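Accompanying notes for the structure given below.
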Amino acid sequence: MTTVQGPVLAARQGEAAATGPDQDTLLEISGLTVSYGRRATSLRRAGSTRVLSGVDLTVRAGEIVGIIGETGSGKTTLARATVGLVRPDSGAIGFEGRDLTRLNRRELRDFRRSGRVQYMFQDPLRSQDPELTARQTVAEPLAAVGAASRRERAERADEALTLVGLDADALGARTSAQLSGGQRQRVSLARAIVTRPRLLLSDEPVSALDASNRNLVLSLLDRLRRELGLAVVVISHDLSSLAGIADRVAVLYRGRLVEQGPIGEVLEHPRHPYTALLTASAPSVRREHRLPPAQLRPDADRPPWPDDEGCVFAPRCRFAGPECRDEPRRTALSDDTGASHTVACHHTATWRDRIG
């Protein structure tokens with residue numbers, strides 16, 4: 001794939017070169033808790049459901065962080081809260097040293113219009129206007145950030161389309177229905193980077209693609225973070241899709257962060273029983289490093305204690321004991337590289353020896 005360096009890309013690369021290899025913290029999420037309210041019906045009372053509980057996460061400039069977990073684990077809610085689409089109950093979301101949870105409505109609107117953080121939605125057919133051409137779709141965010149003229153917006157849209165490997169002259173005038181699934185996803189990626197963001201949150205970017213397009217989109221994300229100095233958070237339920245591009249991975253289960261660490265270390269040496277279940281189902285993990293799935297309890301749907309108490313994975317874990325009634329602390333583990341690896345489990349040091 002040819003790398004094209006137009007005036008927009010050249011400017012962004014100039015900024016990255018001026019600051020050097022920036023490894024400062026770009027995004028810092030602390031104690032994030034989010035609940036969704038539910039209305040009363042004839043079958044249930046009004047109330048709320050907690051979706052995230054005390055989540056801590058950091059993202060450094062220029063790195064790719066994967067967020068993995070089952071459907072319903074809170075991955076998308078975490079990303080939506082980061083860009084202000086969901087208001088948290090408590091916690092802080094620091095971006096470039098500014099707490100986004102403390103912004104009022106006008107400040108939040110101005111922050112979104114800055115284009116510094118962009119969100120790439122999972123389904124391009126639902127997130128793209130079917131009546132707009134690919135060029136118009138990509139240029140649309142530029143109107144919100146105040147790009148000077150229609151001509152300038154079209155030029156920057158064409159540059160972004162070319163950057164993601166699409167022929168702007170041949171495909172720019174086509175609508176979503178006239179593009180393939182892989183092309184639509186790359187149009188979504190072009191729209192996300194056209195405002196020159198520092199952080200991109202990508203929700204299941206390859207879940208609906210075939211193998212060739214999946215590898216293409218993932219390699220694009222990896223190349224763009226290097227060429228544009230872009231930090232990327234990739235949401236996925238599949239560890240194998242993150243193995244080749246992510247620097248670190250955070251594992252969510254029922255709204256709680258159960259393990260976090262370098263992608264290679266987590267894949268080859270999972271320290272939480274739930275992570276072991278995920279790695280066992282990842283086809284790209286080398287067989288000698290896979291662990292057999294922990295046997296799930298038959299009463300997994302009936303927690304031994306209330307959901308707000310103790311280890312959230314205990315109802316499914318065969319190693320759970322009375323001590324798991326207490327909330328496990330995040331334990332920092334050491335490895336040969338000194339990289340940070342944390343896990344929330346009472347049996348971190350023993351369960352791997354007892355599995356069989």
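Identifiers for the structure tokens are assigned positionally: chains receive A, B, ... in sequence, residues are indexed from 1 per chain, and ligands are indexed from 1 in the order shown.
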
Surrounding residues of stretch 159-174 of chain A excluding itself and chain neighbours under 4 positions, 12 Å, only C-alpha atoms, as an NGL selection string: :A and (1-10 or 129-139 or 142 or 152-155 or 178-180 or 182-196 or 213 or 216-224 or 227-228)

Could you please take those selected residues and save C-alpha atoms as a PDB file, in the first residue's frame?
```pdb
ATOM      1  CA  MET A   1       0.000   0.000   0.000  1.00  0.00           C
ATOM      2  CA  THR A   2       1.379   3.391  -1.002  1.00  0.00           C
ATOM      3  CA  THR A   3       1.935   5.939   1.707  1.00  0.00           C
ATOM      4  CA  VAL A   4       0.695   9.380   0.684  1.00  0.00           C
ATOM      5  CA  GLN A   5       1.830  12.472   2.534  1.00  0.00           C
ATOM      6  CA  GLY A   6      -0.390  15.454   1.814  1.00  0.00           C
ATOM      7  CA  PRO A   7      -0.266  18.797   3.618  1.00  0.00           C
ATOM      8  CA  VAL A   8      -2.499  17.599   6.462  1.00  0.00           C
ATOM      9  CA  LEU A   9      -0.427  14.476   7.155  1.00  0.00           C
ATOM     10  CA  ALA A  10       2.809  16.412   6.794  1.00  0.00           C
ATOM     11  CA  ASP A 129     -25.742   8.532   5.976  1.00  0.00           C
ATOM     12  CA  PRO A 130     -26.880   6.406   2.983  1.00  0.00           C
ATOM     13  CA  GLU A 131     -27.526   9.527   0.906  1.00  0.00           C
ATOM     14  CA  LEU A 132     -24.006  10.924   1.276  1.00  0.00           C
ATOM     15  CA  THR A 133     -21.060   9.969  -0.902  1.00  0.00           C
ATOM     16  CA  ALA A 134     -17.871   8.596   0.642  1.00  0.00           C
ATOM     17  CA  ARG A 135     -16.193  11.989   0.190  1.00  0.00           C
ATOM     18  CA  GLN A 136     -19.087  13.788   1.880  1.00  0.00           C
ATOM     19  CA  THR A 137     -19.134  11.261   4.719  1.00  0.00           C
ATOM     20  CA  VAL A 138     -15.446  11.777   5.453  1.00  0.00           C
ATOM     21  CA  ALA A 139     -15.731  15.575   5.163  1.00  0.00           C
ATOM     22  CA  LEU A 142     -14.729  18.937   9.285  1.00  0.00           C
ATOM     23  CA  GLU A 152     -10.706  22.589   1.799  1.00  0.00           C
ATOM     24  CA  ARG A 153     -12.997  19.966   3.324  1.00  0.00           C
ATOM     25  CA  ALA A 154     -13.076  18.014   0.051  1.00  0.00           C
ATOM     26  CA  GLU A 155      -9.279  18.120  -0.245  1.00  0.00           C
ATOM     27  CA  GLN A 178     -22.142   1.054  -3.593  1.00  0.00           C
ATOM     28  CA  LEU A 179     -19.121   0.073  -1.491  1.00  0.00           C
ATOM     29  CA  SER A 180     -18.008  -3.293  -0.150  1.00  0.00           C
ATOM     30  CA  GLY A 182     -14.189  -3.493   3.780  1.00  0.00           C
ATOM     31  CA  GLN A 183     -14.402  -0.232   1.848  1.00  0.00           C
ATOM     32  CA  ARG A 184     -17.188   1.075   4.103  1.00  0.00           C
ATOM     33  CA  GLN A 185     -15.109   0.321   7.179  1.00  0.00           C
ATOM     34  CA  ARG A 186     -12.138   2.179   5.719  1.00  0.00           C
ATOM     35  CA  VAL A 187     -14.409   5.142   4.948  1.00  0.00           C
ATOM     36  CA  SER A 188     -15.343   5.113   8.655  1.00  0.00           C
ATOM     37  CA  LEU A 189     -11.657   5.070   9.539  1.00  0.00           C
ATOM     38  CA  ALA A 190     -10.936   7.951   7.160  1.00  0.00           C
ATOM     39  CA  ARG A 191     -13.776   9.963   8.722  1.00  0.00           C
ATOM     40  CA  ALA A 192     -12.316   9.307  12.183  1.00  0.00           C
ATOM     41  CA  ILE A 193      -8.804  10.539  11.330  1.00  0.00           C
ATOM     42  CA  VAL A 194      -9.688  13.490   9.105  1.00  0.00           C
ATOM     43  CA  THR A 195      -9.830  15.907  12.077  1.00  0.00           C
ATOM     44  CA  ARG A 196      -6.282  14.943  13.128  1.00  0.00           C
ATOM     45  CA  ASN A 213     -10.261  -7.226   5.163  1.00  0.00           C
ATOM     46  CA  LEU A 216      -6.078  -4.938   6.232  1.00  0.00           C
ATOM     47  CA  VAL A 217      -7.983  -2.790   8.728  1.00  0.00           C
ATOM     48  CA  LEU A 218      -5.830  -3.930  11.646  1.00  0.00           C
ATOM     49  CA  SER A 219      -2.622  -3.195   9.745  1.00  0.00           C
ATOM     50  CA  LEU A 220      -4.034   0.226   8.848  1.00  0.00           C
ATOM     51  CA  LEU A 221      -4.641   1.019  12.509  1.00  0.00           C
ATOM     52  CA  ASP A 222      -1.079  -0.023  13.327  1.00  0.00           C
ATOM     53  CA  ARG A 223       0.385   2.066  10.492  1.00  0.00           C
ATOM     54  CA  LEU A 224      -1.705   5.133  11.278  1.00  0.00           C
ATOM     55  CA  GLU A 227       2.646   7.729  11.005  1.00  0.00           C
ATOM     56  CA  LEU A 228       0.222  10.100  12.744  1.00  0.00           C
TER      57      LEU A 228
END
```

Can you list every residue of stretch 15-124 of chain A that has an atom at most 12 Å from stretch 242-252 of chain A, with its nearest atom pair and the distance in Å to one decimal, using only C-alpha atoms, ordered by chain then number, as JSON lines?
```
{"residue": "A:Val51", "atom": "CA", "partner": "A:Leu252", "partner_atom": "CA", "distance": 10.8}
{"residue": "A:Leu52", "atom": "CA", "partner": "A:Leu252", "partner_atom": "CA", "distance": 9.1}
{"residue": "A:Ser53", "atom": "CA", "partner": "A:Leu252", "partner_atom": "CA", "distance": 10.3}
{"residue": "A:Gly54", "atom": "CA", "partner": "A:Leu252", "partner_atom": "CA", "distance": 11.3}
{"residue": "A:Val55", "atom": "CA", "partner": "A:Leu252", "partner_atom": "CA", "distance": 8.9}
{"residue": "A:Asp56", "atom": "CA", "partner": "A:Ala250", "partner_atom": "CA", "distance": 9.7}
{"residue": "A:Leu57", "atom": "CA", "partner": "A:Ala250", "partner_atom": "CA", "distance": 8.0}
{"residue": "A:Thr58", "atom": "CA", "partner": "A:Ala250", "partner_atom": "CA", "distance": 10.0}
{"residue": "A:Val59", "atom": "CA", "partner": "A:Arg248", "partner_atom": "CA", "distance": 9.2}
{"residue": "A:Arg60", "atom": "CA", "partner": "A:Asp247", "partner_atom": "CA", "distance": 10.3}
{"residue": "A:Ala61", "atom": "CA", "partner": "A:Asp247", "partner_atom": "CA", "distance": 11.7}
{"residue": "A:Gly62", "atom": "CA", "partner": "A:Asp247", "partner_atom": "CA", "distance": 10.0}
{"residue": "A:Glu63", "atom": "CA", "partner": "A:Asp247", "partner_atom": "CA", "distance": 6.4}
{"residue": "A:Ile64", "atom": "CA", "partner": "A:Ala246", "partner_atom": "CA", "distance": 4.9}
{"residue": "A:Val65", "atom": "CA", "partner": "A:Arg248", "partner_atom": "CA", "distance": 5.0}
{"residue": "A:Gly66", "atom": "CA", "partner": "A:Val249", "partner_atom": "CA", "distance": 4.5}
{"residue": "A:Ile67", "atom": "CA", "partner": "A:Ala250", "partner_atom": "CA", "distance": 5.0}
{"residue": "A:Ile68", "atom": "CA", "partner": "A:Val251", "partner_atom": "CA", "distance": 5.1}
{"residue": "A:Gly69", "atom": "CA", "partner": "A:Leu252", "partner_atom": "CA", "distance": 5.1}
{"residue": "A:Glu70", "atom": "CA", "partner": "A:Leu252", "partner_atom": "CA", "distance": 7.9}
{"residue": "A:Thr71", "atom": "CA", "partner": "A:Leu252", "partner_atom": "CA", "distance": 10.1}
{"residue": "A:Gly72", "atom": "CA", "partner": "A:Leu252", "partner_atom": "CA", "distance": 9.6}
{"residue": "A:Ser73", "atom": "CA", "partner": "A:Leu252", "partner_atom": "CA", "distance": 5.9}
{"residue": "A:Gly74", "atom": "CA", "partner": "A:Leu252", "partner_atom": "CA", "distance": 7.1}
{"residue": "A:Lys75", "atom": "CA", "partner": "A:Leu252", "partner_atom": "CA", "distance": 7.1}
{"residue": "A:Thr76", "atom": "CA", "partner": "A:Leu252", "partner_atom": "CA", "distance": 10.9}
{"residue": "A:Thr77", "atom": "CA", "partner": "A:Leu252", "partner_atom": "CA", "distance": 11.4}
{"residue": "A:Leu78", "atom": "CA", "partner": "A:Leu252", "partner_atom": "CA", "distance": 10.0}
```

Residues just named, written with C-alpha atoms as a compact mmCIF listing (two decimals), in the first residue's frame:
```txt
# COMPACT_ATOMS: atom_id res chain seq x y z
CA VAL A 51 -22.57 -1.48 33.77
CA LEU A 52 -19.11 -0.33 34.88
CA SER A 53 -17.74 -0.41 38.39
CA GLY A 54 -14.50 1.31 39.46
CA VAL A 55 -12.63 0.97 36.16
CA ASP A 56 -9.08 2.37 35.95
CA LEU A 57 -7.31 2.66 32.60
CA THR A 58 -4.46 4.67 31.12
CA VAL A 59 -3.52 5.20 27.48
CA ARG A 60 -0.21 6.73 26.44
CA ALA A 61 0.37 8.76 23.32
CA GLY A 62 1.07 6.61 20.29
CA GLU A 63 0.12 3.24 21.76
CA ILE A 64 -2.67 0.77 20.99
CA VAL A 65 -4.64 -0.57 23.93
CA GLY A 66 -7.13 -3.40 23.49
CA ILE A 67 -10.30 -3.74 25.57
CA ILE A 68 -11.64 -7.28 25.51
CA GLY A 69 -14.50 -9.15 27.14
CA GLU A 70 -17.76 -10.91 26.46
CA THR A 71 -20.85 -9.20 25.10
CA GLY A 72 -22.33 -7.15 27.92
CA SER A 73 -19.05 -6.71 29.79
CA GLY A 74 -19.16 -2.90 29.43
CA LYS A 75 -16.60 -2.38 26.65
CA THR A 76 -18.72 -0.08 24.49
CA THR A 77 -20.03 1.82 27.51
CA LEU A 78 -16.44 2.51 28.56
```

DSSP strand (DSSP E or B) residues within stretch 71-296 of chain A, listed as a PyMOL selection string: chain A and resi 90-95+98-99+117-120+133+175+199-203+231-236+248-253+256-262

In stretch 83-177 of chain A, DSSP alpha helix (DSSP H) residues written as a ChimeraX atom specification: /A:105-114,124-127,134-145,150-163,168-171

Residue with smallest distance to A:Val206 - pool A:Pro141, A:Gly255, A:Pro124, A:Gly115, counting only C-alpha atoms: A:Pro124

Option closest in space to A:Gln122, from A:Tyr274, A:Ala143, A:Pro328, A:Ala208 [counting only C-alpha atoms]: A:Ala208

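Interatomic distance, atom CA of A:Arg105 to atom CA of A:Gln128: 25.3 Å.
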
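For the residues A:Ala157, A:Leu239, A:Ile93, A:Ala144, ranking by smallest atom-to-atom distance to A:Ser114 using only C-alpha atoms places A:Ala144 first.
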